[in-house]
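K.L.:
Please read through the structure below; I'll follow up with questions.
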Amino acid sequence: MTEITGEIAFVDSESILVQWKFTGIWLSFGIRRTISLASRAIRKIRSDGLIESLKYTREWISENYHEWRLGIESAEYVQARDLGIDGVDYAPADYRSLTTALRGLDISPARDVFLDYGSGKGRVVVMAATYPFRRVIGVELSEQLNAIARKNIQRAARKLRCNEIEIITADASTYRVPDDVTVVFLNIGGRILAAVLERLNESMAKSPRKITILFKYPRWVDNLLGQCDWLTVRREIPCYSEFGERFLVYETTATRFKSLPRIVGSKPIPSSSSLRE
Ligand SMILES: C[S@@+](CC[C@H](N)C(=O)[O-])C[C@H]1O[C@@H](n2cnc3c(N)ncnc32)[C@H](O)[C@@H]1O
């Protein structure tokens, strides 16, 4: 009886020592992290002012929360040249405006098919699949990004309500739009966007229907959709942006597209950064 008590006392004191060690490590990690965050916050307030810094913080929290909630990694910016592709860089749409746009849709699980052009690491595809779409499709030029997107879809699987998700490696400008697509997400610009509008035109000609277009674009590129007389702006989604992006929801007003936009010159693209550092 005495021997057993001795053993228990020995194990307990050792485990208390181990616990103290871990607590110490966590405390010092926590203190260092807090100091680093505080100094970053002070630098941010000094450079951008209090209001902008508060907006940035709200966005930073939202970005990190959704990545954690879905268990995915889609935040980091990637330059097209690092992917070996000739096209737009990878920069994900922000979660807050994306959520607002998706919540505003009247989705019919029997009818609606969602398509993201230039789906990158799959953030928009995953978010769309948390809603009851019949099908969600992502079209992306980079196989490297598609591999990450597929991993992200697997990781978020338990949160998804749509169980038919396709990730396709293709050039969006030549990809033939399936004729049942009813919601399109566009976070691309320039010549690819003009070509995508032509592909949508062809699909509408074959199968006339209403299409909702969620269009996120930086103010420094031309809004090609604004030049289309067959599209009407239904709403503007407030969206955080260090560089002034806009997020507009368009709807087709004609069952068949009429005019296609002409591309005029674009302004240079400023460098971007990720909120998840
Ligand atoms: C600005 S990111 C948008 C990513 C995602 N749609 C989002 O909003 O979170 C643009 C994406 O388009 C892809 N891309 C560029 N050119 C493309 C093309 N011709 N066809 C398909 N995807 C392309 C890039 O690799 C990048 O992932």
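Just so we're on the same page: first chain in the structure tokens is A, next is B, and so on; residues restart at 1 for each chain, and ligands are numbered from 1 in the order they show up.
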Env of Tyr65 (chain A): 12 Å cut, atoms = only C-alpha atoms, seq-sep filter 3 positions within chain, self excluded. Answer as a list in words.

P.N.:
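After dropping sequence-adjacent residues, the list is Thr57, Arg58, Glu59, Trp60, Ile61, Ser62, Trp68, Arg69, Leu70, Gly71, Ile72, Glu73, Ala75, Asp94, Tyr95, Arg96, Leu275 and Arg276 of chain A.
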
K.L.:
Please find the residues contacting ligand 1 at a distance of at most 7 Å between atoms, with only C-alpha atoms and all ligand atoms counted, and report them as a ChimeraX atom specification.

P.N.:
/A:80,86-93,116-124,139-142,145,170-173,186-188,192

K.L.:
According to DSSP computed on the backbone, where in region 64-250 of chain A is there alpha helix (DSSP H)? Give the residues as JSON, numbers by chain.

P.N.:
{"A": [64, 65, 66, 67, 68, 69, 70, 80, 81, 82, 83, 95, 96, 97, 98, 99, 100, 101, 102, 103, 123, 124, 125, 126, 127, 128, 129, 143, 144, 145, 146, 147, 148, 149, 150, 151, 152, 153, 154, 155, 156, 190, 191, 192, 193, 194, 195, 196, 197, 198, 199, 200, 201, 202, 203, 204, 205, 206]}

K.L.:
When DSSP works through the backbone of this structure, what residues of region 22-271 of chain A end up as strand (DSSP E), shown as JSON, numbers by chain?

P.N.:
{"A": [113, 114, 115, 116, 117, 135, 136, 137, 138, 139, 140, 165, 166, 167, 168, 169, 183, 184, 185, 186, 212, 213, 214, 215, 216, 217, 218, 231, 232, 233, 234, 235, 236, 237, 245, 246, 247, 248, 249, 250, 251, 252]}

K.L.:
Ranking A:Arg111, A:Arg191, A:Arg134, A:His66 by minimum distance to Glu164 (chain A) and counting only C-alpha atoms, which one comes first?

P.N.:
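When distances to Glu164 (chain A) are compared using only C-alpha atoms, the smallest one comes from A:Arg134.
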
K.L.:
Rank A:Leu54, A:Ala101, A:Ala149, A:Ala128 by their smallest atom-to-atom distance to Pro238 (chain A), using only C-alpha atoms, and report the top residue only.

P.N.:
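Among A:Leu54, A:Ala101, A:Ala149, A:Ala128, it is A:Ala101 that comes nearest to Pro238 (chain A).
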
K.L.:
Check the smallest atom-to-atom distance from each of A:Arg155, A:Arg235, A:Arg103, A:Arg246 to Glu67 (chain A) using only C-alpha atoms, then report the winner.

P.N.:
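Checking each candidate against Glu67 (chain A), we get A:Arg155 as the closest.
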
K.L.:
Restricting the calculation to only C-alpha atoms, which member of A:Gln79, A:Ser74, A:Gly244, A:Met204 is positioned closest to Val221 (chain A)?

P.N.:
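Answer, going by the shortest atom-to-atom distance: A:Gly244.
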
K.L.:
Record the distance separating CA of Ile148 (chain A) and CA of Met127 (chain A), expressed in Å with one decimal.

P.N.:
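Going from CA of Ile148 (chain A) over to CA of Met127 (chain A), I get 15.0 Å.
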